[in-house]
$ cat protein-v4.pdb   # PDB, C-alpha atoms
MODEL        1
ATOM      1  CA  MET A   1     -25.258   1.149  44.221  1.00  0.00           C
ATOM      2  CA  GLY A   2     -23.079  -0.587  46.834  1.00  0.00           C
ATOM      3  CA  ALA A   3     -19.368  -0.045  47.362  1.00  0.00           C
ATOM      4  CA  ALA A   4     -18.509  -3.550  46.115  1.00  0.00           C
ATOM      5  CA  SER A   5     -20.486  -3.035  42.916  1.00  0.00           C
ATOM      6  CA  GLY A   6     -18.807   0.330  42.298  1.00  0.00           C
ATOM      7  CA  CYS A   7     -15.340  -1.215  42.776  1.00  0.00           C
ATOM      8  CA  GLN A   8     -16.158  -3.979  40.307  1.00  0.00           C
ATOM      9  CA  ILE A   9     -17.193  -1.415  37.697  1.00  0.00           C
ATOM     10  CA  VAL A  10     -14.005   0.595  38.169  1.00  0.00           C
ATOM     11  CA  LEU A  11     -11.858  -2.567  37.921  1.00  0.00           C
ATOM     12  CA  ARG A  12     -13.645  -3.586  34.751  1.00  0.00           C
ATOM     13  CA  ILE A  13     -13.071  -0.144  33.251  1.00  0.00           C
ATOM     14  CA  LYS A  14      -9.374  -0.311  34.100  1.00  0.00           C
ATOM     15  CA  ARG A  15      -9.049  -3.718  32.448  1.00  0.00           C
ATOM     16  CA  LYS A  16     -10.732  -2.475  29.273  1.00  0.00           C
ATOM     17  CA  ILE A  17      -8.586   0.632  29.094  1.00  0.00           C
ATOM     18  CA  THR A  18      -5.487  -1.542  29.573  1.00  0.00           C
ATOM     19  CA  VAL A  19      -6.576  -3.726  26.669  1.00  0.00           C
ATOM     20  CA  ALA A  20      -7.137  -0.624  24.567  1.00  0.00           C
ATOM     21  CA  SER A  21      -3.688   0.625  25.495  1.00  0.00           C
ATOM     22  CA  ASN A  22      -2.055  -2.653  24.495  1.00  0.00           C
ATOM     23  CA  THR A  23      -3.961  -2.619  21.219  1.00  0.00           C
ATOM     24  CA  TRP A  24      -2.767   0.914  20.562  1.00  0.00           C
ATOM     25  CA  ARG A  25       0.846  -0.219  20.962  1.00  0.00           C
ATOM     26  CA  ARG A  26       0.417  -3.061  18.466  1.00  0.00           C
ATOM     27  CA  LEU A  27      -1.669  -1.453  15.742  1.00  0.00           C
ATOM     28  CA  PRO A  28      -0.751   1.337  13.301  1.00  0.00           C
ATOM     29  CA  ALA A  29      -1.849   4.667  14.663  1.00  0.00           C
ATOM     30  CA  CYS A  30      -4.321   5.347  11.891  1.00  0.00           C
ATOM     31  CA  VAL A  31      -6.035   1.944  12.273  1.00  0.00           C
ATOM     32  CA  PHE A  32      -6.369   2.368  16.031  1.00  0.00           C
ATOM     33  CA  LEU A  33      -7.714   5.884  15.573  1.00  0.00           C
ATOM     34  CA  HIS A  34     -10.313   4.686  13.085  1.00  0.00           C
ATOM     35  CA  ARG A  35     -11.549   1.970  15.412  1.00  0.00           C
ATOM     36  CA  LYS A  36     -11.672   4.166  18.479  1.00  0.00           C
ATOM     37  CA  LEU A  37     -13.468   6.974  16.711  1.00  0.00           C
ATOM     38  CA  GLU A  38     -16.061   4.421  15.608  1.00  0.00           C
ATOM     39  CA  ALA A  39     -16.393   3.366  19.246  1.00  0.00           C
ATOM     40  CA  CYS A  40     -16.803   6.954  20.338  1.00  0.00           C
ATOM     41  CA  ALA A  41     -19.749   7.308  17.983  1.00  0.00           C
ATOM     42  CA  THR A  42     -21.741   4.981  20.227  1.00  0.00           C
ATOM     43  CA  CYS A  43     -23.235   5.899  23.578  1.00  0.00           C
ATOM     44  CA  PHE A  44     -21.221   3.314  25.508  1.00  0.00           C
ATOM     45  CA  PRO A  45     -17.870   2.938  23.728  1.00  0.00           C
ATOM     46  CA  LEU A  46     -16.450   0.134  25.857  1.00  0.00           C
ATOM     47  CA  GLY A  47     -19.647  -1.852  26.372  1.00  0.00           C
ATOM     48  CA  LEU A  48     -20.880  -0.165  29.542  1.00  0.00           C
ATOM     49  CA  LYS A  49     -24.488  -0.638  30.492  1.00  0.00           C
ATOM     50  CA  ASP A  50     -27.279   1.897  30.819  1.00  0.00           C
ATOM     51  CA  SER A  51     -27.437   1.339  34.550  1.00  0.00           C
ATOM     52  CA  GLU A  52     -23.829   2.288  35.206  1.00  0.00           C
ATOM     53  CA  PRO A  53     -23.128   5.774  36.576  1.00  0.00           C
ATOM     54  CA  ARG A  54     -22.999   8.615  34.063  1.00  0.00           C
ATOM     55  CA  MET A  55     -19.808   9.893  35.665  1.00  0.00           C
ATOM     56  CA  ILE A  56     -17.994   6.608  34.959  1.00  0.00           C
ATOM     57  CA  ARG A  57     -19.360   6.431  31.409  1.00  0.00           C
ATOM     58  CA  SER A  58     -18.182   9.992  30.792  1.00  0.00           C
ATOM     59  CA  TYR A  59     -14.741   9.146  32.164  1.00  0.00           C
ATOM     60  CA  VAL A  60     -14.348   6.187  29.825  1.00  0.00           C
ATOM     61  CA  GLN A  61     -15.558   8.188  26.837  1.00  0.00           C
ATOM     62  CA  SER A  62     -13.136  11.000  27.549  1.00  0.00           C
ATOM     63  CA  ALA A  63     -10.274   8.504  28.012  1.00  0.00           C
ATOM     64  CA  VAL A  64     -10.986   6.934  24.634  1.00  0.00           C
ATOM     65  CA  ILE A  65     -11.239  10.336  22.964  1.00  0.00           C
ATOM     66  CA  ARG A  66      -7.951  11.459  24.519  1.00  0.00           C
ATOM     67  CA  ARG A  67      -6.226   8.313  23.299  1.00  0.00           C
ATOM     68  CA  SER A  68      -7.719   8.786  19.821  1.00  0.00           C
ATOM     69  CA  ILE A  69      -6.345  12.337  19.679  1.00  0.00           C
ATOM     70  CA  VAL A  70      -2.889  11.038  20.634  1.00  0.00           C
ATOM     71  CA  CYS A  71      -3.142   8.456  17.850  1.00  0.00           C
ATOM     72  CA  LEU A  72      -4.084  11.146  15.365  1.00  0.00           C
ATOM     73  CA  MET A  73      -1.013  13.150  16.361  1.00  0.00           C
ATOM     74  CA  ILE A  74       1.173  10.083  15.894  1.00  0.00           C
ATOM     75  CA  ALA A  75      -0.353   9.344  12.490  1.00  0.00           C
ATOM     76  CA  VAL A  76       0.355  12.888  11.327  1.00  0.00           C
ATOM     77  CA  ALA A  77       3.850  12.847  12.782  1.00  0.00           C
ATOM     78  CA  VAL A  78       4.899   9.747  10.844  1.00  0.00           C
ATOM     79  CA  ARG A  79       2.988  10.909   7.738  1.00  0.00           C
ATOM     80  CA  GLN A  80       0.906   7.775   7.557  1.00  0.00           C
ATOM     81  CA  GLY A  81      -2.587   9.187   7.239  1.00  0.00           C
ATOM     82  CA  PRO A  82      -4.735   7.080   4.885  1.00  0.00           C
ATOM     83  CA  CYS A  83      -1.600   5.574   3.312  1.00  0.00           C
ATOM     84  CA  CYS A  84      -0.690   3.575   6.396  1.00  0.00           C
ATOM     85  CA  LEU A  85       0.560   0.053   5.623  1.00  0.00           C
ATOM     86  CA  GLY A  86       1.401  -1.068   9.116  1.00  0.00           C
ATOM     87  CA  GLN A  87       4.720   0.790   9.167  1.00  0.00           C
ATOM     88  CA  THR A  88       5.447   3.073  12.083  1.00  0.00           C
ATOM     89  CA  SER A  89       8.190   4.980  10.286  1.00  0.00           C
ATOM     90  CA  ARG A  90       9.003   6.004   6.749  1.00  0.00           C
ATOM     91  CA  ILE A  91      11.631   3.858   5.014  1.00  0.00           C
ATOM     92  CA  ALA A  92      13.643   5.529   2.278  1.00  0.00           C
ATOM     93  CA  SER A  93      13.839   3.806  -1.092  1.00  0.00           C
ATOM     94  CA  ALA A  94      17.063   1.870  -1.714  1.00  0.00           C
ATOM     95  CA  PHE A  95      17.149   3.265  -5.244  1.00  0.00           C
ATOM     96  CA  SER A  96      19.581   6.112  -5.706  1.00  0.00           C
ATOM     97  CA  ALA A  97      18.428   9.415  -7.157  1.00  0.00           C
ATOM     98  CA  ALA A  98      20.067   8.522 -10.480  1.00  0.00           C
ATOM     99  CA  GLU A  99      18.357   5.107 -10.542  1.00  0.00           C
ATOM    100  CA  ALA A 100      14.990   6.640  -9.696  1.00  0.00           C
ATOM    101  CA  GLU A 101      15.442   9.144 -12.514  1.00  0.00           C
ATOM    102  CA  LEU A 102      16.228   6.309 -14.932  1.00  0.00           C
ATOM    103  CA  LEU A 103      13.170   4.289 -13.915  1.00  0.00           C
ATOM    104  CA  LEU A 104      10.940   7.337 -14.168  1.00  0.00           C
ATOM    105  CA  LYS A 105      12.372   8.031 -17.626  1.00  0.00           C
ATOM    106  CA  VAL A 106      11.516   4.509 -18.818  1.00  0.00           C
ATOM    107  CA  HIS A 107       7.958   4.866 -17.524  1.00  0.00           C
ATOM    108  CA  ASN A 108       7.446   8.269 -19.053  1.00  0.00           C
ATOM    109  CA  GLY A 109       8.884   7.120 -22.372  1.00  0.00           C
ATOM    110  CA  GLU A 110       6.176   4.466 -22.544  1.00  0.00           C
ATOM    111  CA  ARG A 111       3.544   6.972 -21.503  1.00  0.00           C
ATOM    112  CA  THR A 112       4.607   9.503 -24.118  1.00  0.00           C
ATOM    113  CA  ALA A 113       4.377   6.838 -26.814  1.00  0.00           C
ATOM    114  CA  ALA A 114       0.811   6.115 -25.681  1.00  0.00           C
ATOM    115  CA  GLY A 115      -0.128   9.801 -25.473  1.00  0.00           C
ATOM    116  CA  LYS A 116      -0.307   9.848 -21.646  1.00  0.00           C
ATOM    117  CA  PRO A 117       0.941  12.593 -19.286  1.00  0.00           C
ATOM    118  CA  PRO A 118       4.214  11.952 -17.426  1.00  0.00           C
ATOM    119  CA  LEU A 119       4.478  10.564 -13.906  1.00  0.00           C
ATOM    120  CA  THR A 120       6.287  12.189 -10.995  1.00  0.00           C
ATOM    121  CA  TRP A 121       8.379  10.363  -8.398  1.00  0.00           C
ATOM    122  CA  ASP A 122       6.705  10.173  -4.987  1.00  0.00           C
ATOM    123  CA  PRO A 123       8.865   9.493  -1.881  1.00  0.00           C
ATOM    124  CA  ASP A 124       5.935   8.121   0.137  1.00  0.00           C
ATOM    125  CA  LEU A 125       5.052   5.592  -2.566  1.00  0.00           C
ATOM    126  CA  ALA A 126       8.740   4.723  -2.830  1.00  0.00           C
ATOM    127  CA  ALA A 127       8.888   4.105   0.927  1.00  0.00           C
ATOM    128  CA  GLU A 128       5.874   1.797   0.758  1.00  0.00           C
ATOM    129  CA  ALA A 129       7.377  -0.041  -2.217  1.00  0.00           C
ATOM    130  CA  GLN A 130      10.679  -0.385  -0.369  1.00  0.00           C
ATOM    131  CA  ALA A 131       8.969  -1.853   2.689  1.00  0.00           C
ATOM    132  CA  HIS A 132       7.208  -4.496   0.584  1.00  0.00           C
ATOM    133  CA  ALA A 133      10.394  -5.275  -1.365  1.00  0.00           C
ATOM    134  CA  ALA A 134      12.173  -5.879   1.942  1.00  0.00           C
ATOM    135  CA  ARG A 135       9.401  -8.221   3.086  1.00  0.00           C
ATOM    136  CA  LEU A 136       9.553 -10.225  -0.141  1.00  0.00           C
ATOM    137  CA  ALA A 137      13.365 -10.411  -0.045  1.00  0.00           C
ATOM    138  CA  ALA A 138      13.322 -11.627   3.549  1.00  0.00           C
ATOM    139  CA  ALA A 139      10.846 -14.359   2.568  1.00  0.00           C
ATOM    140  CA  GLY A 140      13.020 -15.719  -0.255  1.00  0.00           C
ATOM    141  CA  GLY A 141      12.200 -13.412  -3.146  1.00  0.00           C
ATOM    142  CA  GLY A 142       8.853 -14.860  -4.187  1.00  0.00           C
ATOM    143  CA  LEU A 143       6.521 -12.446  -5.931  1.00  0.00           C
ATOM    144  CA  MET A 144       3.352 -11.770  -3.964  1.00  0.00           C
ATOM    145  CA  HIS A 145       1.314  -8.592  -4.148  1.00  0.00           C
ATOM    146  CA  THR A 146       0.647  -6.626  -0.978  1.00  0.00           C
ATOM    147  CA  PRO A 147      -2.085  -8.617   0.809  1.00  0.00           C
ATOM    148  CA  GLY A 148      -5.240  -7.755   2.675  1.00  0.00           C
ATOM    149  CA  GLY A 149      -6.895  -5.453   0.171  1.00  0.00           C
ATOM    150  CA  THR A 150      -4.392  -2.711   1.038  1.00  0.00           C
ATOM    151  CA  LEU A 151      -3.849  -1.618  -2.549  1.00  0.00           C
ATOM    152  CA  GLN A 152      -7.581  -1.290  -3.147  1.00  0.00           C
ATOM    153  CA  ARG A 153      -8.078   0.771   0.015  1.00  0.00           C
ATOM    154  CA  LEU A 154      -5.243   3.103  -0.923  1.00  0.00           C
ATOM    155  CA  ASN A 155      -6.223   3.261  -4.604  1.00  0.00           C
ATOM    156  CA  GLN A 156      -2.738   2.143  -5.609  1.00  0.00           C
ATOM    157  CA  GLY A 157      -1.320  -0.152  -8.268  1.00  0.00           C
ATOM    158  CA  GLU A 158       1.697  -2.420  -7.859  1.00  0.00           C
ATOM    159  CA  ASN A 159       4.201  -4.023 -10.241  1.00  0.00           C
ATOM    160  CA  LEU A 160       6.673  -6.710  -9.142  1.00  0.00           C
ATOM    161  CA  PHE A 161       9.948  -7.965 -10.577  1.00  0.00           C
ATOM    162  CA  ALA A 162      12.520 -10.512  -9.406  1.00  0.00           C
ATOM    163  CA  THR A 163      15.818 -11.831 -10.681  1.00  0.00           C
ATOM    164  CA  SER A 164      18.247 -14.452  -9.392  1.00  0.00           C
ATOM    165  CA  SER A 165      21.173 -12.478 -10.766  1.00  0.00           C
ATOM    166  CA  PRO A 166      23.363 -10.784  -8.123  1.00  0.00           C
ATOM    167  CA  ASN A 167      23.991  -7.950 -10.591  1.00  0.00           C
ATOM    168  CA  ARG A 168      22.148  -4.972  -9.134  1.00  0.00           C
ATOM    169  CA  GLU A 169      22.635  -2.814 -12.218  1.00  0.00           C
ATOM    170  CA  GLN A 170      21.011  -5.528 -14.299  1.00  0.00           C
ATOM    171  CA  ALA A 171      17.978  -5.571 -11.988  1.00  0.00           C
ATOM    172  CA  VAL A 172      17.653  -1.792 -12.219  1.00  0.00           C
ATOM    173  CA  ASN A 173      17.932  -1.773 -16.008  1.00  0.00           C
ATOM    174  CA  HIS A 174      15.690  -4.762 -16.646  1.00  0.00           C
ATOM    175  CA  CYS A 175      12.703  -4.356 -14.308  1.00  0.00           C
ATOM    176  CA  ALA A 176      10.806  -1.540 -16.022  1.00  0.00           C
ATOM    177  CA  ALA A 177      12.111  -2.562 -19.436  1.00  0.00           C
ATOM    178  CA  ASP A 178      10.684  -6.063 -18.959  1.00  0.00           C
ATOM    179  CA  TRP A 179       7.298  -4.616 -18.020  1.00  0.00           C
ATOM    180  CA  ALA A 180       7.373  -2.389 -21.096  1.00  0.00           C
ATOM    181  CA  ARG A 181       8.118  -5.338 -23.389  1.00  0.00           C
ATOM    182  CA  GLU A 182       4.735  -6.839 -22.517  1.00  0.00           C
ATOM    183  CA  LYS A 183       3.211  -4.524 -25.130  1.00  0.00           C
ATOM    184  CA  ILE A 184       4.859  -6.500 -27.936  1.00  0.00           C
ATOM    185  CA  ASN A 185       2.757  -9.010 -29.848  1.00  0.00           C
ATOM    186  CA  ARG A 186       5.154 -11.907 -30.385  1.00  0.00           C
ATOM    187  CA  SER A 187       3.340 -12.991 -33.511  1.00  0.00           C
ATOM    188  CA  THR A 188       3.682  -9.641 -35.273  1.00  0.00           C
ATOM    189  CA  GLY A 189       6.476  -7.943 -33.328  1.00  0.00           C
ATOM    190  CA  ARG A 190       4.284  -4.868 -32.989  1.00  0.00           C
ATOM    191  CA  SER A 191       2.695  -3.085 -30.049  1.00  0.00           C
ATOM    192  CA  ILE A 192      -0.725  -4.265 -28.973  1.00  0.00           C
ATOM    193  CA  TYR A 193      -1.716  -0.759 -27.877  1.00  0.00           C
ATOM    194  CA  VAL A 194      -5.030   0.455 -29.236  1.00  0.00           C
ATOM    195  CA  PRO A 195      -6.368   3.808 -27.974  1.00  0.00           C
ATOM    196  CA  ASN A 196      -9.596   3.569 -25.972  1.00  0.00           C
ATOM    197  CA  MET A 197      -9.569  -0.242 -25.851  1.00  0.00           C
ATOM    198  CA  THR A 198     -10.513  -1.384 -22.347  1.00  0.00           C
ATOM    199  CA  TYR A 199      -8.467  -3.737 -20.207  1.00  0.00           C
ATOM    200  CA  ARG A 200     -11.178  -6.388 -20.560  1.00  0.00           C
ATOM    201  CA  GLN A 201     -11.003  -6.064 -24.358  1.00  0.00           C
ATOM    202  CA  TYR A 202      -7.242  -6.605 -24.203  1.00  0.00           C
ATOM    203  CA  GLN A 203      -7.911  -9.757 -22.205  1.00  0.00           C
ATOM    204  CA  SER A 204     -10.402 -10.989 -24.788  1.00  0.00           C
ATOM    205  CA  ARG A 205      -8.180 -10.199 -27.749  1.00  0.00           C
ATOM    206  CA  TYR A 206      -4.981 -11.624 -26.218  1.00  0.00           C
ATOM    207  CA  PRO A 207      -6.024 -14.509 -23.940  1.00  0.00           C
ATOM    208  CA  GLY A 208      -3.200 -15.817 -21.789  1.00  0.00           C
ATOM    209  CA  LYS A 209      -0.880 -12.907 -22.590  1.00  0.00           C
ATOM    210  CA  VAL A 210       0.715 -11.022 -19.704  1.00  0.00           C
ATOM    211  CA  PHE A 211       0.393  -7.269 -20.219  1.00  0.00           C
ATOM    212  CA  GLY A 212      -0.862  -5.890 -16.864  1.00  0.00           C
ATOM    213  CA  HIS A 213       2.523  -4.473 -15.815  1.00  0.00           C
ATOM    214  CA  TRP A 214       2.737  -2.475 -19.031  1.00  0.00           C
ATOM    215  CA  THR A 215      -0.861  -1.218 -18.860  1.00  0.00           C
ATOM    216  CA  GLN A 216      -0.211  -0.021 -15.291  1.00  0.00           C
ATOM    217  CA  MET A 217       2.870   1.829 -16.526  1.00  0.00           C
ATOM    218  CA  ILE A 218       0.846   3.756 -19.128  1.00  0.00           C
ATOM    219  CA  TRP A 219      -2.466   4.038 -17.246  1.00  0.00           C
ATOM    220  CA  GLY A 220      -3.771   7.501 -18.052  1.00  0.00           C
ATOM    221  CA  LYS A 221      -5.185   8.336 -14.616  1.00  0.00           C
ATOM    222  CA  THR A 222      -1.996   7.363 -12.777  1.00  0.00           C
ATOM    223  CA  GLN A 223       0.015  10.394 -11.673  1.00  0.00           C
ATOM    224  CA  LYS A 224       2.716   9.229  -9.250  1.00  0.00           C
ATOM    225  CA  LEU A 225       5.357   6.495  -9.069  1.00  0.00           C
ATOM    226  CA  GLY A 226       7.570   5.164  -6.284  1.00  0.00           C
ATOM    227  CA  MET A 227       9.846   2.110  -6.352  1.00  0.00           C
ATOM    228  CA  GLY A 228      11.975   0.027  -4.001  1.00  0.00           C
ATOM    229  CA  ILE A 229      14.609  -2.703  -4.359  1.00  0.00           C
ATOM    230  CA  ALA A 230      15.947  -5.316  -1.934  1.00  0.00           C
ATOM    231  CA  GLN A 231      18.473  -8.145  -2.174  1.00  0.00           C
ATOM    232  CA  VAL A 232      17.222 -11.653  -1.425  1.00  0.00           C
ATOM    233  CA  ARG A 233      18.971 -13.196   1.578  1.00  0.00           C
ATOM    234  CA  THR A 234      17.620 -16.727   1.570  1.00  0.00           C
ATOM    235  CA  GLY A 235      16.207 -19.467  -0.674  1.00  0.00           C
ATOM    236  CA  PRO A 236      16.880 -20.337  -4.336  1.00  0.00           C
ATOM    237  CA  ARG A 237      17.005 -16.649  -5.335  1.00  0.00           C
ATOM    238  CA  ARG A 238      19.552 -15.765  -2.661  1.00  0.00           C
ATOM    239  CA  GLY A 239      21.765 -12.937  -3.884  1.00  0.00           C
ATOM    240  CA  GLY A 240      19.232 -11.808  -6.446  1.00  0.00           C
ATOM    241  CA  TYR A 241      16.928  -8.807  -6.251  1.00  0.00           C
ATOM    242  CA  VAL A 242      13.266  -7.979  -5.820  1.00  0.00           C
ATOM    243  CA  VAL A 243      11.820  -4.753  -7.228  1.00  0.00           C
ATOM    244  CA  VAL A 244       8.453  -3.276  -6.273  1.00  0.00           C
ATOM    245  CA  ALA A 245       6.763  -0.343  -7.988  1.00  0.00           C
ATOM    246  CA  ARG A 246       3.785   1.514  -6.527  1.00  0.00           C
ATOM    247  CA  TYR A 247       1.437   3.728  -8.546  1.00  0.00           C
ATOM    248  CA  PHE A 248      -1.175   6.285  -7.541  1.00  0.00           C
ATOM    249  CA  PRO A 249      -3.944   6.277  -8.510  1.00  0.00           C
ATOM    250  CA  GLY A 250      -3.880   2.587  -9.383  1.00  0.00           C
ATOM    251  CA  GLY A 251      -4.815   1.321 -12.832  1.00  0.00           C
ATOM    252  CA  ASN A 252      -5.937  -1.860 -14.591  1.00  0.00           C
ATOM    253  CA  ASN A 253      -9.642  -1.325 -14.029  1.00  0.00           C
ATOM    254  CA  VAL A 254     -11.095  -3.939 -16.373  1.00  0.00           C
ATOM    255  CA  SER A 255     -13.922  -1.691 -17.553  1.00  0.00           C
ATOM    256  CA  GLN A 256     -11.633   1.224 -18.435  1.00  0.00           C
ATOM    257  CA  ALA A 257      -8.993   1.881 -21.096  1.00  0.00           C
ATOM    258  CA  PRO A 258      -5.358   2.539 -20.162  1.00  0.00           C
TER     259      PRO A 258
ENDMDL
END
$ encode --input "protein-v4.pdb" --output "structure tokens"
Amino acid sequence: MGAASGCQIVLRIKRKITVASNTWRRLPACVFLHRKLEACATCFPLGLKDSEPRMIRSYVQSAVIRRSIVCLMIAVAVRQGPCCLGQTSRIASAFSAAEAELLLKVHNGERTAAGKPPLTWDPDLAAEAQAHAARLAAAGGGLMHTPGGTLQRLNQGENLFATSSPNREQAVNHCAADWAREKINRSTGRSIYVPNMTYRQYQSRYPGKVFGHWTQMIWGKTQKLGMGIAQVRTGPRRGGYVVVARYFPGGNNVSQAP
């Protein structure tokens, strides 16, 4: 191999490592780690050819592995792990301890009535809920679930609430209570809850009725709850509030009963 050819290979390697470095800075640590570990599983992680020197291939592989280890350390340090949502730091919930206790009490009251075990408050879920609430508030307070299949990957459920009222206490008191009221059949004034009836059967029996927030509240397999709140700063709902609740494991599997 000539000197010119060797220099070209080295330059190409440097360019690819630079690209990898830039990608690392943009992506969440856990996503970058996943992709790089997949690359390391191949013989030539950065697209090097069979004919290129083993020493150079080994150098590139070791560089990728070193960077992957650094990413793993970062992921652990910020406690992202498999729950990474693109945040590089944990954001505390804007709910006070007293508010969180109240919201948990409302949830567990509904669960007790349905014969389900109580939930516990989870700070990591609350941080994720807070981050999404802040995003929705910054965008005008419209209600959109976390995109990109994130909830499915994390096995989480999500409830949303919004009000145009600037009264924060009202938002705190009404969000979970509004979800719980979905269990009421307006025709009879009674609860629609039937033990062992699947979500799909609820849909068939009550077409057009909204009840998914309530079923997530009482879902038997769900164990943890975290919530966040943010004030809307722009648009028609300016001054109002957005509330996001996250649940783990998520519920509302159509083939299962709450």
$ resolve_selection --input "protein-v4.pdb" --expression "the PyMOL selection byres ((chain A and resi 88-104) around 6)" --output "list of chain:residue names"
A:Val78, A:Gln87, A:Lys105, A:Val106, A:His107, A:Ala126, A:Ala127, A:Gln130, A:Gly228, A:Ile229
$ residues_around --input "protein-v4.pdb" --residues "Leu143 (chain A)" --least-positions-apart "5" --cutoff "12 Å" --atoms "all atoms listed in the file" --output "ChimeraX atom specification"
/A:132-138,158-163,232,237,241-244
$ write_last_selection --input "protein-v4.pdb" --atoms "C-alpha atoms" --output "PDB file, in the coordinates of the input"
ATOM      1  CA  HIS A 132       7.208  -4.496   0.584  1.00  0.00           C
ATOM      2  CA  ALA A 133      10.394  -5.275  -1.365  1.00  0.00           C
ATOM      3  CA  ALA A 134      12.173  -5.879   1.942  1.00  0.00           C
ATOM      4  CA  ARG A 135       9.401  -8.221   3.086  1.00  0.00           C
ATOM      5  CA  LEU A 136       9.553 -10.225  -0.141  1.00  0.00           C
ATOM      6  CA  ALA A 137      13.365 -10.411  -0.045  1.00  0.00           C
ATOM      7  CA  ALA A 138      13.322 -11.627   3.549  1.00  0.00           C
ATOM      8  CA  GLU A 158       1.697  -2.420  -7.859  1.00  0.00           C
ATOM      9  CA  ASN A 159       4.201  -4.023 -10.241  1.00  0.00           C
ATOM     10  CA  LEU A 160       6.673  -6.710  -9.142  1.00  0.00           C
ATOM     11  CA  PHE A 161       9.948  -7.965 -10.577  1.00  0.00           C
ATOM     12  CA  ALA A 162      12.520 -10.512  -9.406  1.00  0.00           C
ATOM     13  CA  THR A 163      15.818 -11.831 -10.681  1.00  0.00           C
ATOM     14  CA  VAL A 232      17.222 -11.653  -1.425  1.00  0.00           C
ATOM     15  CA  ARG A 237      17.005 -16.649  -5.335  1.00  0.00           C
ATOM     16  CA  TYR A 241      16.928  -8.807  -6.251  1.00  0.00           C
ATOM     17  CA  VAL A 242      13.266  -7.979  -5.820  1.00  0.00           C
ATOM     18  CA  VAL A 243      11.820  -4.753  -7.228  1.00  0.00           C
ATOM     19  CA  VAL A 244       8.453  -3.276  -6.273  1.00  0.00           C
TER      20      VAL A 244
END
$ residues_around --input "protein-v4.pdb" --residues "Leu125 (chain A)" --least-positions-apart "5" --cutoff "10 Å" --atoms "all atoms listed in the file" --output "list in words"
Cys83, Ala92, Ser93, Gln130, Ala131, Gln156, Lys224, Leu225, Gly226, Met227, Gly228, Ala245, Arg246, Tyr247 and Phe248 of chain A
$ closest_residue --input "protein-v4.pdb" --among "A:Gln152, A:Asn252, A:Thr146, A:Ser164" --to "Trp214 (chain A)" --atoms "all atoms listed in the file"
A:Asn252
$ closest_residue --input "protein-v4.pdb" --among "A:Lys209, A:Leu119, A:His145, A:Thr234" --to "Arg186 (chain A)" --atoms "all atoms listed in the file"
A:Lys209
$ atom_distance --input "protein-v4.pdb" --atom1 "CA of Glu128 (chain A)" --atom2 "CA of Gln216 (chain A)"
17.3 Å
$ atom_distance --input "protein-v4.pdb" --atom1 "CA of Ala180 (chain A)" --atom2 "CA of Pro118 (chain A)"
15.1 Å
$ atom_distance --input "protein-v4.pdb" --atom1 "CA of Thr150 (chain A)" --atom2 "CA of Asn253 (chain A)"
16.0 Å
$ closest_residue --input "protein-v4.pdb" --among "A:Thr215, A:Asn185, A:Gln170, A:Ser165" --to "Arg111 (chain A)" --atoms "only C-alpha atoms"
A:Thr215
$ residues_around --input "protein-v4.pdb" --residues "Arg233 (chain A)" --least-positions-apart "5" --cutoff "9 Å" --atoms "only C-alpha atoms" --output "mmCIF file with C-alpha atoms, keeping the file's coordinate frame"
data_model
loop_
_atom_site.group_PDB
_atom_site.id
_atom_site.type_symbol
_atom_site.label_atom_id
_atom_site.label_comp_id
_atom_site.auth_asym_id
_atom_site.auth_seq_id
_atom_site.Cartn_x
_atom_site.Cartn_y
_atom_site.Cartn_z
ATOM 1 C CA ALA A 137 13.365 -10.411 -0.045
ATOM 2 C CA ALA A 138 13.322 -11.627 3.549
ATOM 3 C CA ALA A 139 10.846 -14.359 2.568
ATOM 4 C CA GLY A 140 13.020 -15.719 -0.255
ATOM 5 C CA GLY A 141 12.200 -13.412 -3.146
ATOM 6 C CA ARG A 238 19.552 -15.765 -2.661
ATOM 7 C CA GLY A 239 21.765 -12.937 -3.884
ATOM 8 C CA GLY A 240 19.232 -11.808 -6.446
#
$ closest_residue --input "protein-v4.pdb" --among "A:Arg190, A:Lys183, A:Lys116, A:Arg153" --to "Pro249 (chain A)" --atoms "all atoms listed in the file"
A:Arg153
